[in-house]
$ cat my_file_21.cif   # mmCIF, C-alpha atoms
data_query
#
loop_
_atom_site.label_atom_id
_atom_site.label_comp_id
_atom_site.auth_asym_id
_atom_site.auth_seq_id
_atom_site.Cartn_x
_atom_site.Cartn_y
_atom_site.Cartn_z
CA MET A 1047 -76.83 41.76 -53.36
CA VAL A 1048 -77.49 45.28 -54.59
CA PRO A 1049 -76.46 46.12 -58.17
CA VAL A 1050 -73.87 48.87 -58.60
CA SER A 1051 -76.23 50.77 -60.88
CA TYR A 1052 -78.63 51.33 -57.96
CA TYR A 1053 -75.91 53.22 -56.12
CA PHE A 1054 -75.16 55.09 -59.35
CA ALA A 1055 -78.83 56.08 -59.62
CA LEU A 1056 -79.02 57.20 -55.98
CA SER A 1057 -75.85 59.24 -56.37
CA ALA A 1058 -77.19 60.86 -59.56
CA ILE A 1059 -80.46 61.78 -57.81
CA LEU A 1060 -78.64 63.32 -54.86
CA PHE A 1061 -76.29 65.23 -57.18
CA THR A 1062 -79.22 66.56 -59.19
CA LEU A 1063 -80.97 67.71 -56.02
CA GLY A 1064 -77.80 69.51 -54.96
CA ALA A 1065 -77.48 71.22 -58.35
CA LEU A 1066 -81.15 72.20 -58.18
CA GLY A 1067 -80.56 73.71 -54.74
CA VAL A 1068 -77.65 75.80 -56.07
CA LEU A 1069 -79.81 77.07 -58.92
CA VAL A 1070 -83.06 77.69 -57.03
CA ARG A 1071 -82.23 78.93 -53.56
CA ARG A 1072 -81.07 82.48 -52.91
CA ASN A 1073 -79.69 82.08 -49.39
CA ALA A 1074 -75.89 81.75 -49.63
CA ILE A 1075 -75.69 79.30 -46.71
CA ILE A 1076 -78.29 76.97 -48.28
CA ILE A 1077 -76.41 77.14 -51.59
CA PHE A 1078 -73.28 76.13 -49.71
CA MET A 1079 -75.10 73.18 -48.13
CA SER A 1080 -76.25 72.10 -51.59
CA ILE A 1081 -72.62 72.05 -52.73
CA GLU A 1082 -71.84 69.80 -49.78
CA LEU A 1083 -74.68 67.53 -50.90
CA MET A 1084 -73.13 67.24 -54.37
CA LEU A 1085 -69.68 66.46 -52.93
CA ASN A 1086 -71.25 63.80 -50.76
CA SER A 1087 -73.06 62.13 -53.63
CA SER A 1088 -69.80 61.88 -55.55
CA ASN A 1089 -68.21 60.34 -52.46
CA LEU A 1090 -70.95 57.70 -52.45
CA LEU A 1091 -70.16 56.87 -56.07
CA PHE A 1092 -66.42 56.65 -55.31
CA VAL A 1093 -67.03 54.14 -52.52
CA ALA A 1094 -69.51 52.11 -54.58
CA PHE A 1095 -67.06 51.74 -57.47
CA ALA A 1096 -64.17 51.03 -55.10
CA ARG A 1097 -66.22 48.16 -53.71
CA SER A 1098 -67.28 46.91 -57.10
CA TYR A 1099 -63.67 46.85 -58.41
CA GLU A 1100 -62.30 45.52 -55.09
CA SER A 1101 -59.86 48.44 -55.01
CA LEU A 1102 -58.91 50.65 -52.11
CA ASN A 1103 -58.00 53.76 -54.08
CA GLY A 1104 -61.56 55.05 -54.32
CA GLN A 1105 -61.84 55.13 -50.55
CA ILE A 1106 -58.53 57.01 -50.24
CA TYR A 1107 -59.85 59.61 -52.68
CA VAL A 1108 -62.99 59.97 -50.55
CA PHE A 1109 -60.74 60.63 -47.56
CA PHE A 1110 -59.02 63.44 -49.46
CA VAL A 1111 -62.35 64.82 -50.70
CA ILE A 1112 -63.57 65.01 -47.10
CA ALA A 1113 -60.40 66.85 -46.04
CA VAL A 1114 -60.65 69.34 -48.91
CA ALA A 1115 -64.36 69.84 -48.19
CA ALA A 1116 -63.54 70.70 -44.59
CA ALA A 1117 -61.05 73.35 -45.72
CA GLU A 1118 -63.51 74.67 -48.28
CA VAL A 1119 -66.32 74.96 -45.74
CA ALA A 1120 -64.11 76.87 -43.31
CA VAL A 1121 -63.00 79.40 -45.92
CA GLY A 1122 -66.46 79.71 -47.48
CA LEU A 1123 -68.22 80.32 -44.20
CA ALA A 1124 -65.60 82.92 -43.28
CA LEU A 1125 -66.31 84.65 -46.60
CA ILE A 1126 -70.05 84.56 -45.87
CA VAL A 1127 -69.47 86.09 -42.43
CA ALA A 1128 -67.29 88.83 -43.96
CA ILE A 1129 -69.92 89.57 -46.64
CA PHE A 1130 -72.66 89.68 -44.00
CA ARG A 1131 -70.64 92.21 -42.01
CA THR A 1132 -70.42 94.63 -44.90
CA LYS A 1133 -73.78 94.07 -46.65
CA GLN A 1134 -75.98 92.94 -43.73
CA SER A 1135 -77.39 90.31 -46.05
CA ILE A 1136 -76.48 86.92 -47.48
CA ASP A 1137 -79.02 87.01 -50.29
CA ILE A 1138 -76.91 86.37 -53.38
CA ASP A 1139 -79.10 88.65 -55.50
CA GLU A 1140 -78.06 91.60 -53.37
CA ILE A 1141 -74.35 90.87 -53.64
CA SER A 1142 -73.98 92.49 -57.05
CA SER A 1143 -71.60 95.38 -56.39
CA LEU A 1144 -69.28 94.25 -59.18
CA LYS A 1145 -72.09 94.15 -61.73
CA GLY A 1146 -71.31 96.46 -64.65
CA MET B 423 -86.41 40.68 -52.12
CA THR B 424 -83.38 40.20 -49.98
CA ILE B 425 -82.52 42.07 -46.82
CA ASP B 426 -79.83 44.01 -48.71
CA LEU B 427 -82.32 45.46 -51.16
CA LEU B 428 -84.74 46.29 -48.35
CA LEU B 429 -82.00 48.14 -46.46
CA PHE B 430 -80.90 49.94 -49.63
CA PHE B 431 -84.34 51.16 -50.59
CA GLY B 432 -85.25 52.17 -47.05
CA PHE B 433 -82.14 54.25 -46.55
CA ALA B 434 -82.27 55.60 -50.11
CA ALA B 435 -85.79 56.88 -49.41
CA VAL B 436 -84.54 58.57 -46.23
CA ALA B 437 -81.55 60.12 -48.03
CA VAL B 438 -83.57 61.49 -50.95
CA GLY B 439 -86.37 62.66 -48.64
CA ALA B 440 -83.88 64.50 -46.42
CA ALA B 441 -82.28 66.17 -49.46
CA VAL B 442 -85.68 67.30 -50.78
CA ALA B 443 -86.67 68.57 -47.34
CA MET B 444 -83.39 70.49 -47.16
CA LEU B 445 -84.20 72.19 -50.47
CA LEU B 446 -87.75 73.07 -49.48
CA SER B 447 -87.35 74.16 -45.87
CA ARG B 448 -87.68 77.89 -45.28
CA ASN B 449 -85.65 77.85 -42.08
CA ALA B 450 -81.88 77.49 -42.53
CA VAL B 451 -81.50 75.59 -39.24
CA TYR B 452 -84.00 72.96 -40.38
CA ALA B 453 -82.12 72.72 -43.68
CA ALA B 454 -78.88 72.07 -41.81
CA LEU B 455 -80.53 69.40 -39.64
CA PHE B 456 -81.98 67.66 -42.71
CA LEU B 457 -78.53 67.74 -44.30
CA ILE B 458 -77.11 66.05 -41.17
CA LEU B 459 -79.76 63.32 -41.57
CA ASN B 460 -78.69 62.92 -45.20
CA PHE B 461 -75.01 62.62 -44.21
CA ALA B 462 -75.87 60.02 -41.58
CA THR B 463 -77.75 57.87 -44.10
CA VAL B 464 -74.85 58.17 -46.56
CA ALA B 465 -72.57 56.99 -43.74
CA VAL B 466 -74.83 53.94 -43.41
CA PHE B 467 -74.40 53.35 -47.15
CA PHE B 468 -70.64 53.47 -46.65
CA LEU B 469 -70.99 50.80 -43.97
CA LEU B 470 -73.14 48.67 -46.30
CA LEU B 471 -70.45 49.03 -48.97
CA GLY B 472 -67.76 47.79 -46.62
CA ALA B 473 -66.02 51.08 -45.87
CA PRO B 474 -66.10 51.41 -42.07
CA PHE B 475 -63.22 53.90 -41.87
CA ILE B 476 -64.80 56.25 -44.41
CA ALA B 477 -68.17 55.90 -42.67
CA MET B 478 -66.68 56.98 -39.35
CA ALA B 479 -64.80 59.85 -41.02
CA GLN B 480 -68.08 60.89 -42.61
CA VAL B 481 -69.86 60.98 -39.26
CA THR B 482 -67.10 62.78 -37.37
CA VAL B 483 -65.93 65.24 -40.02
CA TYR B 484 -69.06 65.89 -42.07
CA ALA B 485 -71.99 65.35 -39.73
CA GLY B 486 -69.94 66.45 -36.75
CA ALA B 487 -67.45 69.20 -37.49
CA ILE B 488 -68.67 70.69 -40.76
CA MET B 489 -72.35 70.82 -39.90
CA VAL B 490 -71.64 72.21 -36.43
CA LEU B 491 -69.71 74.96 -38.22
CA PHE B 492 -72.72 75.58 -40.47
CA LEU B 493 -75.13 75.75 -37.53
CA PHE B 494 -72.73 78.02 -35.65
CA VAL B 495 -72.55 80.48 -38.56
CA ILE B 496 -76.32 80.38 -39.12
CA MET B 497 -76.95 81.24 -35.48
CA LEU B 498 -74.11 83.76 -35.34
CA LEU B 499 -75.57 85.70 -38.27
CA GLY B 500 -79.16 85.19 -37.17
CA ALA B 501 -79.77 84.00 -40.71
CA GLU B 502 -82.55 81.51 -39.99
CA HIS B 503 -85.27 83.31 -41.87
CA ILE B 504 -83.38 85.50 -44.29
CA GLN B 505 -85.24 85.30 -47.56
CA GLY B 506 -84.73 87.41 -50.62
CA ARG B 507 -87.49 89.24 -52.37
CA HIS B 508 -89.47 86.86 -54.49
CA ARG B 509 -87.88 86.75 -57.90
CA GLY B 510 -89.85 86.92 -61.07
CA GLY B 511 -90.65 83.68 -62.69
CA TRP B 512 -88.21 82.60 -65.36
CA GLN B 513 -85.29 81.41 -63.20
CA ARG B 514 -87.02 78.70 -61.21
CA PRO B 515 -88.69 76.80 -64.09
CA LEU B 516 -85.46 76.99 -66.06
CA ALA B 517 -83.51 75.56 -63.09
CA ILE B 518 -85.97 72.69 -62.71
CA LEU B 519 -85.80 72.01 -66.46
CA LEU B 520 -81.99 71.94 -66.38
CA ALA B 521 -82.01 69.61 -63.36
CA LEU B 522 -84.38 67.26 -65.21
CA VAL B 523 -82.05 67.30 -68.22
CA LEU B 524 -79.11 66.41 -65.96
CA LEU B 525 -81.08 63.57 -64.37
CA VAL B 526 -82.18 62.16 -67.74
CA GLU B 527 -78.63 62.32 -69.08
CA THR B 528 -77.18 60.44 -66.12
CA GLY B 529 -80.08 58.00 -66.32
CA THR B 530 -79.33 57.18 -69.95
CA LEU B 531 -75.66 56.82 -69.01
CA ILE B 532 -76.55 54.31 -66.30
CA PHE B 533 -79.10 52.22 -68.10
CA GLY B 534 -77.72 52.60 -71.62
CA ARG B 535 -74.57 50.72 -70.64
CA GLY B 536 -74.53 47.09 -69.75
CA ASP B 537 -71.33 46.82 -67.76
CA LEU B 538 -72.58 48.70 -64.72
CA ARG B 539 -75.19 46.17 -63.76
CA GLY B 540 -72.94 43.75 -61.93
CA LEU B 541 -73.90 42.82 -58.41
CA ILE B 542 -71.70 43.95 -55.57
CA GLN B 543 -69.98 40.82 -54.39
CA PRO B 544 -69.14 40.10 -50.77
CA ALA B 545 -65.75 41.62 -50.05
CA ALA B 546 -62.72 39.66 -49.00
CA SER B 547 -62.01 39.73 -45.28
CA GLY B 548 -59.74 42.60 -44.33
CA TYR B 549 -60.87 44.69 -47.29
CA ALA B 550 -60.84 48.38 -46.37
CA SER B 551 -59.97 47.79 -42.75
CA PRO B 552 -58.50 50.88 -41.07
CA GLN B 553 -55.13 49.13 -41.11
CA ALA B 554 -55.24 48.63 -44.90
CA ILE B 555 -56.35 52.21 -45.43
CA GLY B 556 -53.57 53.52 -43.23
CA GLU B 557 -50.93 51.45 -45.02
CA SER B 558 -52.12 52.70 -48.39
CA LEU B 559 -52.33 56.27 -47.13
CA PHE B 560 -48.77 56.34 -45.84
CA THR B 561 -47.11 54.49 -48.73
CA ASP B 562 -48.81 55.09 -52.08
CA PHE B 563 -50.52 58.35 -51.14
CA LEU B 564 -47.91 59.93 -48.89
CA LEU B 565 -47.41 63.06 -51.01
CA PRO B 566 -51.15 63.89 -51.34
CA PHE B 567 -51.47 63.29 -47.60
CA GLU B 568 -48.77 65.87 -46.83
CA VAL B 569 -50.22 68.30 -49.36
CA THR B 570 -53.57 67.94 -47.59
CA SER B 571 -51.97 68.94 -44.31
CA VAL B 572 -50.53 72.07 -45.95
CA LEU B 573 -53.96 72.80 -47.46
CA LEU B 574 -55.62 72.60 -44.05
CA LEU B 575 -52.99 74.94 -42.59
CA VAL B 576 -53.56 77.43 -45.43
CA ALA B 577 -57.33 77.24 -44.88
CA MET B 578 -56.89 77.87 -41.17
CA VAL B 579 -54.67 80.91 -41.71
CA GLY B 580 -57.04 82.19 -44.41
CA VAL B 581 -60.05 81.93 -42.13
CA ILE B 582 -58.29 83.84 -39.37
CA VAL B 583 -57.28 86.60 -41.79
CA LEU B 584 -60.75 86.80 -43.35
CA THR B 585 -62.67 87.08 -40.10
CA LYS B 586 -60.27 89.45 -38.36
CA GLU B 587 -61.97 92.70 -37.38
CA GLU B 588 -60.77 95.69 -39.36
CA ARG B 589 -59.15 98.15 -37.04
CA LYS B 590 -61.05 101.41 -37.05
CA ASN B 591 -58.17 103.76 -36.35
CA PRO B 592 -54.93 102.31 -37.61
CA SER B 593 -52.12 103.75 -35.54
#
$ encode --input "my_file_21.cif" --output "structure tokens"
Amino acid sequence: MVPVSYYFALSAILFTLGALGVLVRRNAIIIFMSIELMLNSSNLLFVAFARSYESLNGQIYVFFVIAVAAAEVAVGLALIVAIFRTKQSIDIDEISSLKG
Amino acid sequence: MTIDLLLFFGFAAVAVGAAVAMLLSRNAVYAALFLILNFATVAVFFLLLGAPFIAMAQVTVYAGAIMVLFLFVIMLLGAEHIQGRHRGGWQRPLAILLALVLLVETGTLIFGRGDLRGLIQPAASGYASPQAIGESLFTDFLLPFEVTSVLLLVAMVGVIVLTKEERKNPS
């Protein structure tokens, strides 16, 4: 059988890649996808630990995380569409109107 | 090497490769498709971990609904190739350095502790069946479940308000 720490390592790698995407990319939609990648890696860890402790609660939390992520994606993409309408761009470096 | 380890390493390579390809692809549509591949492999991991209900929810909600929404917005905005001006150098190396620090920290957390190395044992029959999940969801987690429904309603109303066209001449 596979050790739990392997799943931990895979989840850490995926989370780091997501964080790197948020820091490196400038396209708002790609940054949003990287956030989804991070949420998904934490879901993987939840399920792995739920299995290792023979508990069901971790899987229930993953269910709620998926529901909240769906709501978040809907609102975030609506915000991106609204920003694109006013600025004609989704490059986050150009969305700096509030900069002092 | 058992069949479990072979499956794990094969799908782990696909998941990490898809995530890296998502980061590096210049075209936003390709990035979204690579992310769908990543979500599908994570769904396979959920199946390997004995979570069939969560795996199906992952495929339908994440790889289905959410990513279709992403692709729809990308194509609606025509944002496939939108790239900013190339930024001067200090941000990218700093980001890679910080990501390496994060990876090393989590790595020391994993392999500096002994109690995480247990093998995943075969689950009892009936573990995490949809029936068990449903019973737990509607008894122990009834209040969070209802709050989630309110949250989805609020998100839906918020999206409609946000994307409503401003009226040019309010009368």
$ resolve_selection --input "my_file_21.cif" --expression "the PyMOL selection byres ((chain A) within 6 of (chain B))" --output "list in words"
Met1047, Val1048, Pro1049, Val1050, Ser1051, Thr1062, Leu1066, Gly1067, Leu1069, Val1070, Ser1098, Ala1117, Val1121, Ala1124 and Asp1137 of chain A
$ residues_around --input "my_file_21.cif" --residues "stretch 1086-1094 of chain A" --least-positions-apart "5" --cutoff "7 Å" --atoms "only C-alpha atoms" --output "PyMOL selection string"
(chain A and resi 1050+1053-1054+1057+1060-1061+1104-1105+1108) or (chain B and resi 468+471)
$ residues_around --input "my_file_21.cif" --residues "A:Gly1064" --least-positions-apart "6" --cutoff "9 Å" --atoms "only C-alpha atoms" --output "list in words"
Ile1077, Met1079, Ser1080, Ile1081, Glu1082, Leu1083, Met1084, Leu1085 and Ser1087 of chain A; Ala441 and Leu445 of chain B
$ atom_distance --input "my_file_21.cif" --atom1 "atom CA of B:Phe560" --atom2 "atom CA of B:Thr482"
21.2 Å
$ atom_distance --input "my_file_21.cif" --atom1 "atom CA of B:Gly511" --atom2 "atom CA of A:Ser1143"
23.2 Å
$ atom_distance --input "my_file_21.cif" --atom1 "atom CA of A:Ala1055" --atom2 "atom CA of A:Arg1097"
16.0 Å
$ axis_aligned_box --input "my_file_21.cif" --around "stretch 1055-1063 of chain A" --padding-each-side "5 Å" --output "JSON"
{"center_x": -78.4, "center_y": 61.9, "center_z": -57.2, "size_x": 15.1, "size_y": 21.6, "size_z": 14.8}
$ closest_residue --input "my_file_21.cif" --among "B:Gly432, B:Pro474, B:Gly486, B:Pro552" --to "B:Ile458" --atoms "all atoms listed in the file"
B:Gly486
